[in-house]
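Here the structure comes first, spelled out in C-alpha cells, and everything after it is commentary.
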Amino acid sequence: MALQSMTGFARSEGTSGRHRWAWELRSVNGKGLDIRMRLPQGMEGLESDIRRLLSQFVTRGNVQVGLTVQVSENRVEAVLNRDALDALLKLRDELGAALVDPAPLRLDALLSIRGLVEFKEAVDDAEAVSRREADILAGLEQAVHALCEMRRIEGDALCRLLSDQVTRIEELALTVEADPSRQPGEIARRLESQIATLMGAAGTLDRDRLHAEVALLATRADLREEIDRLKAHVAAARDLLALGGPVGRKLDFIAQEFNRESNTICSKSNGVAVTAAGIELKVVIDQFREQVQNLE
C-alpha cells in the first residue's frame with residue numbers, strides 16, 4: 001500500500017439535465033479526519049453520502065468539500081389559478097343579462113388580470129431530482145479518486161525523502177559508534193592529561209584511583225544503548241515506509257524516539273566528533289519529523 005500525503009486538490013464537473021455542477025476538494029494536514037462542506041441550499045441531504053464516500057478513502061486530514069450547481073437552461077411555465085378563473089366566469093354569467101352584446105373573453109384580457117396566471121421557473125419532478133443527485137454523487141466519487149491520486153503522488157515523493165533522511169540518521173549513528181573518543185583507553189588518556197595539568201606533575205597521580213575514575217566516566221559516557229536503540233528505530237522506520245498506508249502517527253512516534261536518543265548522545269558526548277554528529281543528528285531528525293507531519 002502506498003503512502004499518502006495529507007495535502008491535495010481535485011475538481012470534477014459535469015451536467016445533468018438542465019443543470020451544471022462542479023465539485024472542489026481540498027485537503028491539508030490534520031490530526032484526524034475533519035470534513036467541512038459548503039453545499040447549495042436544498043442539497044444538505046447529500047452530507048451523509050459525502051462523509052461515507054470520503055471515509056472510505058481518506059483516514060486523516062482536514063478536507064474542504066465545495067459543490068456548486070447552476071441552471072444551464074431556464075424553463076418557465078405558466079400556472080393558472082383555477083379558483084380565480086372559476087370566479088371570473090361565474091361573474092361573467094351573472095352579469096351576462098345586463099351586458100349588451102358581451103364580447104368573448106380574450107387571452108390578453110385574461111393575462112392582464114392580476115393573480116389569474118402566474119409565470120415561474122419550472123420545477124423538476126422527483127425522478128429528475130433523483131437522477132441529478134445520482135449524477136452529482138458520481139462526480140464526487142471521481143473527485144475523491146483524483147484527490148487520493150494527488151495525495152499518493154506526493155506521498156511517493158515524501159517516502160523517498162524520508163528514506164534518505166533515515167539513511168542519514170543511520171550513517172550518523174555509525175559515526176558515533178566508530179568514534180575513538182568512546183574507547184576506555186582514550187578516556188583514560190584524556191583524563192590523565194587533564195589531571196596532570198591541574199596537579200602540575202603526572203608522576204604524583206594515584207594510578208588505582210585514576211583507573212577507578214576512568215571506569216566510572218566510561219560507564220557514564222557509554223553510548224552503546226543509545227546507538228542500539230537508534231539502529232532499532234531506523235529498522236522500524238524503514239519497515240513502516242515499506243508497509244505504506246496510514247503510518248504517519250507511528251512515524252511521528254519514531255521521530256520522537258530519534259530525538260530522545262540524539263539528546264542523550266549530545267549530553268553524554270566527550271568528543272568533538274561525537275558532539276558534531278549528535279548536533280547533525282538533531283537537525284536531520286527535526287527535518288524528518290517535519291516531513292512526517294504531512295503523511296496520512
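Letters for chains follow the order of the C-alpha cells (A, B, ...), residue numbers begin at 1 for each chain, and ligand numbers begin at 1 in the order shown.
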Do you know which residues are at most 8 Å from region 263-266 of chain A counting only C-alpha atoms, after dropping those on the same chain fewer than 4 positions away, and could you put them as a PDB file with N, CA, C and O atoms, in the first residue's frame?
ATOM      1  N   LEU A 223      27.667   5.026  25.159  1.00  0.00           N
ATOM      2  CA  LEU A 223      26.557   5.314  24.239  1.00  0.00           C
ATOM      3  C   LEU A 223      26.029   4.059  23.562  1.00  0.00           C
ATOM      4  O   LEU A 223      25.272   4.161  22.602  1.00  0.00           O
ATOM      5  N   GLU A 226      22.169   3.837  23.448  1.00  0.00           N
ATOM      6  CA  GLU A 226      21.580   4.844  22.563  1.00  0.00           C
ATOM      7  C   GLU A 226      21.794   4.471  21.100  1.00  0.00           C
ATOM      8  O   GLU A 226      20.883   4.617  20.267  1.00  0.00           O
ATOM      9  N   ASN A 259      14.690  11.678  18.449  1.00  0.00           N
ATOM     10  CA  ASN A 259      15.087  12.926  19.111  1.00  0.00           C
ATOM     11  C   ASN A 259      15.582  12.666  20.527  1.00  0.00           C
ATOM     12  O   ASN A 259      16.564  13.285  20.977  1.00  0.00           O
ATOM     13  N   VAL A 274      31.859  13.340  18.171  1.00  0.00           N
ATOM     14  CA  VAL A 274      30.563  12.814  18.635  1.00  0.00           C
ATOM     15  C   VAL A 274      29.572  13.956  18.818  1.00  0.00           C
ATOM     16  O   VAL A 274      28.398  13.841  18.443  1.00  0.00           O
ATOM     17  N   THR A 275      30.024  15.061  19.383  1.00  0.00           N
ATOM     18  CA  THR A 275      29.136  16.219  19.556  1.00  0.00           C
ATOM     19  C   THR A 275      28.649  16.741  18.207  1.00  0.00           C
ATOM     20  O   THR A 275      27.463  17.048  18.035  1.00  0.00           O
ATOM     21  N   GLY A 278      26.142  14.380  16.868  1.00  0.00           N
ATOM     22  CA  GLY A 278      24.887  14.492  17.617  1.00  0.00           C
ATOM     23  C   GLY A 278      24.084  15.707  17.193  1.00  0.00           C
ATOM     24  O   GLY A 278      22.856  15.637  17.072  1.00  0.00           O
ATOM     25  N   ILE A 279      24.770  16.818  16.967  1.00  0.00           N
ATOM     26  CA  ILE A 279      24.068  18.039  16.520  1.00  0.00           C
ATOM     27  C   ILE A 279      23.465  17.831  15.136  1.00  0.00           C
ATOM     28  O   ILE A 279      22.313  18.219  14.869  1.00  0.00           O
ATOM     29  N   LYS A 282      20.348  15.819  15.356  1.00  0.00           N
ATOM     30  CA  LYS A 282      19.178  16.595  15.765  1.00  0.00           C
ATOM     31  C   LYS A 282      18.595  17.366  14.587  1.00  0.00           C
ATOM     32  O   LYS A 282      17.368  17.459  14.438  1.00  0.00           O
TER      33      LYS A 282
END
Set the distance at 7 Å and use only C-alpha atoms: which residues neighbour region 54-70 of chain A once local chain neighbours fewer than 2 positions away are removed? I'd like the list as a PDB file with N, CA and C atoms, in the first residue's frame.
ATOM      1  N   MET A   6      -1.171  14.246   3.176  1.00  0.00           N
ATOM      2  CA  MET A   6      -2.478  14.758   3.595  1.00  0.00           C
ATOM      3  C   MET A   6      -2.882  16.006   2.825  1.00  0.00           C
ATOM      4  N   HIS A  19     -28.958  21.171 -15.565  1.00  0.00           N
ATOM      5  CA  HIS A  19     -28.105  21.706 -14.508  1.00  0.00           C
ATOM      6  C   HIS A  19     -26.636  21.382 -14.784  1.00  0.00           C
ATOM      7  N   ARG A  20     -25.777  22.296 -14.365  1.00  0.00           N
ATOM      8  CA  ARG A  20     -24.332  22.078 -14.439  1.00  0.00           C
ATOM      9  C   ARG A  20     -23.777  22.126 -13.019  1.00  0.00           C
ATOM     10  N   TRP A  21     -22.938  21.152 -12.674  1.00  0.00           N
ATOM     11  CA  TRP A  21     -22.408  21.050 -11.320  1.00  0.00           C
ATOM     12  C   TRP A  21     -20.879  20.969 -11.343  1.00  0.00           C
ATOM     13  N   ALA A  22     -20.261  21.294 -10.210  1.00  0.00           N
ATOM     14  CA  ALA A  22     -18.798  21.207 -10.085  1.00  0.00           C
ATOM     15  C   ALA A  22     -18.442  20.949  -8.622  1.00  0.00           C
ATOM     16  N   TRP A  23     -17.541  19.987  -8.403  1.00  0.00           N
ATOM     17  CA  TRP A  23     -17.004  19.678  -7.079  1.00  0.00           C
ATOM     18  C   TRP A  23     -15.578  20.212  -6.975  1.00  0.00           C
ATOM     19  N   GLU A  24     -15.206  20.715  -5.801  1.00  0.00           N
ATOM     20  CA  GLU A  24     -13.825  21.062  -5.497  1.00  0.00           C
ATOM     21  C   GLU A  24     -13.479  20.490  -4.123  1.00  0.00           C
ATOM     22  N   LEU A  25     -12.396  19.711  -4.060  1.00  0.00           N
ATOM     23  CA  LEU A  25     -11.941  19.097  -2.814  1.00  0.00           C
ATOM     24  C   LEU A  25     -10.536  19.602  -2.504  1.00  0.00           C
ATOM     25  N   ARG A  26     -10.331  20.033  -1.278  1.00  0.00           N
ATOM     26  CA  ARG A  26      -9.017  20.472  -0.817  1.00  0.00           C
ATOM     27  C   ARG A  26      -8.731  19.792   0.520  1.00  0.00           C
ATOM     28  N   SER A  27      -7.523  19.263   0.669  1.00  0.00           N
ATOM     29  CA  SER A  27      -7.155  18.636   1.942  1.00  0.00           C
ATOM     30  C   SER A  27      -5.798  19.145   2.403  1.00  0.00           C
ATOM     31  N   VAL A  28      -5.685  19.341   3.714  1.00  0.00           N
ATOM     32  CA  VAL A  28      -4.434  19.769   4.341  1.00  0.00           C
ATOM     33  C   VAL A  28      -4.211  18.913   5.583  1.00  0.00           C
ATOM     34  N   ASN A  29      -3.097  19.164   6.273  1.00  0.00           N
ATOM     35  CA  ASN A  29      -2.737  18.351   7.433  1.00  0.00           C
ATOM     36  C   ASN A  29      -3.791  18.450   8.535  1.00  0.00           C
ATOM     37  N   GLY A  30      -3.947  17.356   9.261  1.00  0.00           N
ATOM     38  CA  GLY A  30      -4.856  17.330  10.397  1.00  0.00           C
ATOM     39  C   GLY A  30      -4.571  16.139  11.282  1.00  0.00           C
ATOM     40  N   LYS A  31      -4.927  16.250  12.564  1.00  0.00           N
ATOM     41  CA  LYS A  31      -4.683  15.137  13.488  1.00  0.00           C
ATOM     42  C   LYS A  31      -5.603  13.962  13.199  1.00  0.00           C
ATOM     43  N   GLY A  32      -6.809  14.253  12.757  1.00  0.00           N
ATOM     44  CA  GLY A  32      -7.767  13.212  12.406  1.00  0.00           C
ATOM     45  C   GLY A  32      -8.421  13.557  11.086  1.00  0.00           C
ATOM     46  N   LEU A  33      -9.596  12.981  10.835  1.00  0.00           N
ATOM     47  CA  LEU A  33     -10.336  13.293   9.615  1.00  0.00           C
ATOM     48  C   LEU A  33     -11.416  14.310   9.941  1.00  0.00           C
ATOM     49  N   ASP A  34     -11.275  15.500   9.390  1.00  0.00           N
ATOM     50  CA  ASP A  34     -12.236  16.591   9.614  1.00  0.00           C
ATOM     51  C   ASP A  34     -12.768  17.025   8.249  1.00  0.00           C
ATOM     52  N   ILE A  35     -14.062  16.784   8.002  1.00  0.00           N
ATOM     53  CA  ILE A  35     -14.679  17.093   6.713  1.00  0.00           C
ATOM     54  C   ILE A  35     -15.615  18.290   6.886  1.00  0.00           C
ATOM     55  N   ARG A  36     -15.353  19.324   6.112  1.00  0.00           N
ATOM     56  CA  ARG A  36     -16.203  20.510   6.147  1.00  0.00           C
ATOM     57  C   ARG A  36     -16.781  20.741   4.762  1.00  0.00           C
ATOM     58  N   MET A  37     -18.099  21.000   4.723  1.00  0.00           N
ATOM     59  CA  MET A  37     -18.811  21.069   3.444  1.00  0.00           C
ATOM     60  C   MET A  37     -19.456  22.431   3.211  1.00  0.00           C
ATOM     61  N   ARG A  38     -19.471  22.819   1.953  1.00  0.00           N
ATOM     62  CA  ARG A  38     -20.169  24.024   1.508  1.00  0.00           C
ATOM     63  C   ARG A  38     -21.057  23.597   0.342  1.00  0.00           C
ATOM     64  N   LEU A  39     -22.364  23.432   0.649  1.00  0.00           N
ATOM     65  CA  LEU A  39     -23.315  22.894  -0.330  1.00  0.00           C
ATOM     66  C   LEU A  39     -24.383  23.928  -0.660  1.00  0.00           C
ATOM     67  N   PRO A  40     -24.945  23.854  -1.886  1.00  0.00           N
ATOM     68  CA  PRO A  40     -26.047  24.762  -2.240  1.00  0.00           C
ATOM     69  C   PRO A  40     -27.269  24.507  -1.365  1.00  0.00           C
ATOM     70  N   ILE A  50     -21.562  12.156   1.308  1.00  0.00           N
ATOM     71  CA  ILE A  50     -20.222  12.730   1.167  1.00  0.00           C
ATOM     72  C   ILE A  50     -19.294  12.180   2.236  1.00  0.00           C
ATOM     73  N   ARG A  51     -19.745  12.157   3.488  1.00  0.00           N
ATOM     74  CA  ARG A  51     -18.915  11.638   4.583  1.00  0.00           C
ATOM     75  C   ARG A  51     -18.608  10.155   4.394  1.00  0.00           C
ATOM     76  N   ARG A  52     -19.607   9.401   3.978  1.00  0.00           N
ATOM     77  CA  ARG A  52     -19.403   7.963   3.787  1.00  0.00           C
ATOM     78  C   ARG A  52     -18.365   7.706   2.707  1.00  0.00           C
ATOM     79  N   SER A  72     -28.344  25.610 -16.348  1.00  0.00           N
ATOM     80  CA  SER A  72     -27.799  25.974 -17.656  1.00  0.00           C
ATOM     81  C   SER A  72     -28.897  26.276 -18.670  1.00  0.00           C
ATOM     82  N   VAL A 144     -12.971  12.386  -5.569  1.00  0.00           N
ATOM     83  CA  VAL A 144     -12.291  11.728  -4.450  1.00  0.00           C
ATOM     84  C   VAL A 144     -11.128  10.881  -4.952  1.00  0.00           C
ATOM     85  N   GLU A 296      -0.328  10.878   5.881  1.00  0.00           N
ATOM     86  CA  GLU A 296      -1.599  10.385   6.426  1.00  0.00           C
ATOM     87  C   GLU A 296      -1.311   9.364   7.524  1.00  0.00           C
TER      88      GLU A 296
END
For Gly248 (chain A), work out the shell of residues within 12 Å, counting only C-alpha atoms and skipping chain neighbours fewer than 3 positions away, then give it as number ranges by chain. A: 3-6, 29-32, 59-61, 155, 158-159, 162, 237, 240-241, 243-245, 251-255, 288-296
Using only C-alpha atoms, please write the residues we just selected to a file, as a PDB file, in the first residue's frame.
ATOM      1  CA  LEU A   3       1.982   6.265   1.398  1.00  0.00           C
ATOM      2  CA  GLN A   4      -0.360   9.228   1.086  1.00  0.00           C
ATOM      3  CA  SER A   5       0.281  12.864   1.812  1.00  0.00           C
ATOM      4  CA  MET A   6      -2.478  14.758   3.595  1.00  0.00           C
ATOM      5  CA  ASN A  29      -2.737  18.351   7.433  1.00  0.00           C
ATOM      6  CA  GLY A  30      -4.856  17.330  10.397  1.00  0.00           C
ATOM      7  CA  LYS A  31      -4.683  15.137  13.488  1.00  0.00           C
ATOM      8  CA  GLY A  32      -7.767  13.212  12.406  1.00  0.00           C
ATOM      9  CA  THR A  59      -8.329   8.500   7.116  1.00  0.00           C
ATOM     10  CA  ARG A  60      -6.579  11.760   8.109  1.00  0.00           C
ATOM     11  CA  GLY A  61      -6.600  15.390   7.059  1.00  0.00           C
ATOM     12  CA  GLY A 155       3.271  10.554  -0.690  1.00  0.00           C
ATOM     13  CA  LEU A 158       7.766  12.108   0.747  1.00  0.00           C
ATOM     14  CA  CYS A 159       8.673   8.426   1.016  1.00  0.00           C
ATOM     15  CA  LEU A 162      12.113  10.249   4.403  1.00  0.00           C
ATOM     16  CA  ALA A 237      11.064   3.387  10.252  1.00  0.00           C
ATOM     17  CA  LEU A 240       6.795   1.384   8.083  1.00  0.00           C
ATOM     18  CA  LEU A 241       7.867   3.213   4.925  1.00  0.00           C
ATOM     19  CA  LEU A 243       4.474  -1.069   4.540  1.00  0.00           C
ATOM     20  CA  GLY A 244       2.790   2.155   3.429  1.00  0.00           C
ATOM     21  CA  GLY A 245      -0.776   3.137   4.227  1.00  0.00           C
ATOM     22  CA  LEU A 251       6.457   7.508  12.166  1.00  0.00           C
ATOM     23  CA  ASP A 252       5.862  10.605  14.275  1.00  0.00           C
ATOM     24  CA  PHE A 253       6.355   8.479  17.399  1.00  0.00           C
ATOM     25  CA  ILE A 254       9.610   7.100  15.959  1.00  0.00           C
ATOM     26  CA  ALA A 255      10.732  10.672  15.256  1.00  0.00           C
ATOM     27  CA  PHE A 288      12.354  14.046   9.339  1.00  0.00           C
ATOM     28  CA  ARG A 289       9.669  14.882  11.870  1.00  0.00           C
ATOM     29  CA  GLU A 290       8.582  17.981   9.942  1.00  0.00           C
ATOM     30  CA  GLN A 291       8.033  15.911   6.781  1.00  0.00           C
ATOM     31  CA  VAL A 292       6.264  13.144   8.710  1.00  0.00           C
ATOM     32  CA  GLN A 293       3.613  15.693   9.725  1.00  0.00           C
ATOM     33  CA  ASN A 294       2.473  15.706   6.077  1.00  0.00           C
ATOM     34  CA  LEU A 295       1.814  11.955   5.967  1.00  0.00           C
ATOM     35  CA  GLU A 296      -1.599  10.385   6.426  1.00  0.00           C
TER      36      GLU A 296
END
Can you tell me, as a PyMOL selection string, what residues are no more than 8 Å from Ala173 (chain A) when counting only C-alpha atoms, ignoring any on the same chain fewer than 4 positions away? chain A and resi 169+177+227+230-231+277
For the selection just defined, write its residues with C-alpha atoms to a file, as a PDB file, in the first residue's frame.
ATOM      1  CA  ILE A 169      20.393   9.048  10.654  1.00  0.00           C
ATOM      2  CA  GLU A 177      29.692   4.247  17.235  1.00  0.00           C
ATOM      3  CA  ILE A 227      23.282   3.601  19.405  1.00  0.00           C
ATOM      4  CA  LEU A 230      18.843   4.311  17.114  1.00  0.00           C
ATOM      5  CA  LYS A 231      19.557   1.298  14.910  1.00  0.00           C
ATOM      6  CA  ALA A 277      27.464  14.073  14.835  1.00  0.00           C
TER       7      ALA A 277
END
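Across the model, the gap from CA of Arg160 (chain A) to CA of Leu174 (chain A) is 21.4 Å.
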Of A:Ala87, A:Leu140, A:Ala157, A:Val284, the one nearest to Leu53 (chain A) when counting only C-alpha atoms is A:Leu140
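Between Glu280 (chain A) and the residues A:Asp179, A:Glu170, A:Glu257, A:Glu225, the shortest atom-to-atom distance, using only C-alpha atoms, involves A:Glu170.
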As a check of understanding: the span from CA of Phe9 (chain A) to CA of Glu149 (chain A) is 9.7 Å
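Interatomic distance, CA of Arg224 (chain A) to CA of Arg249 (chain A): 27.6 Å.
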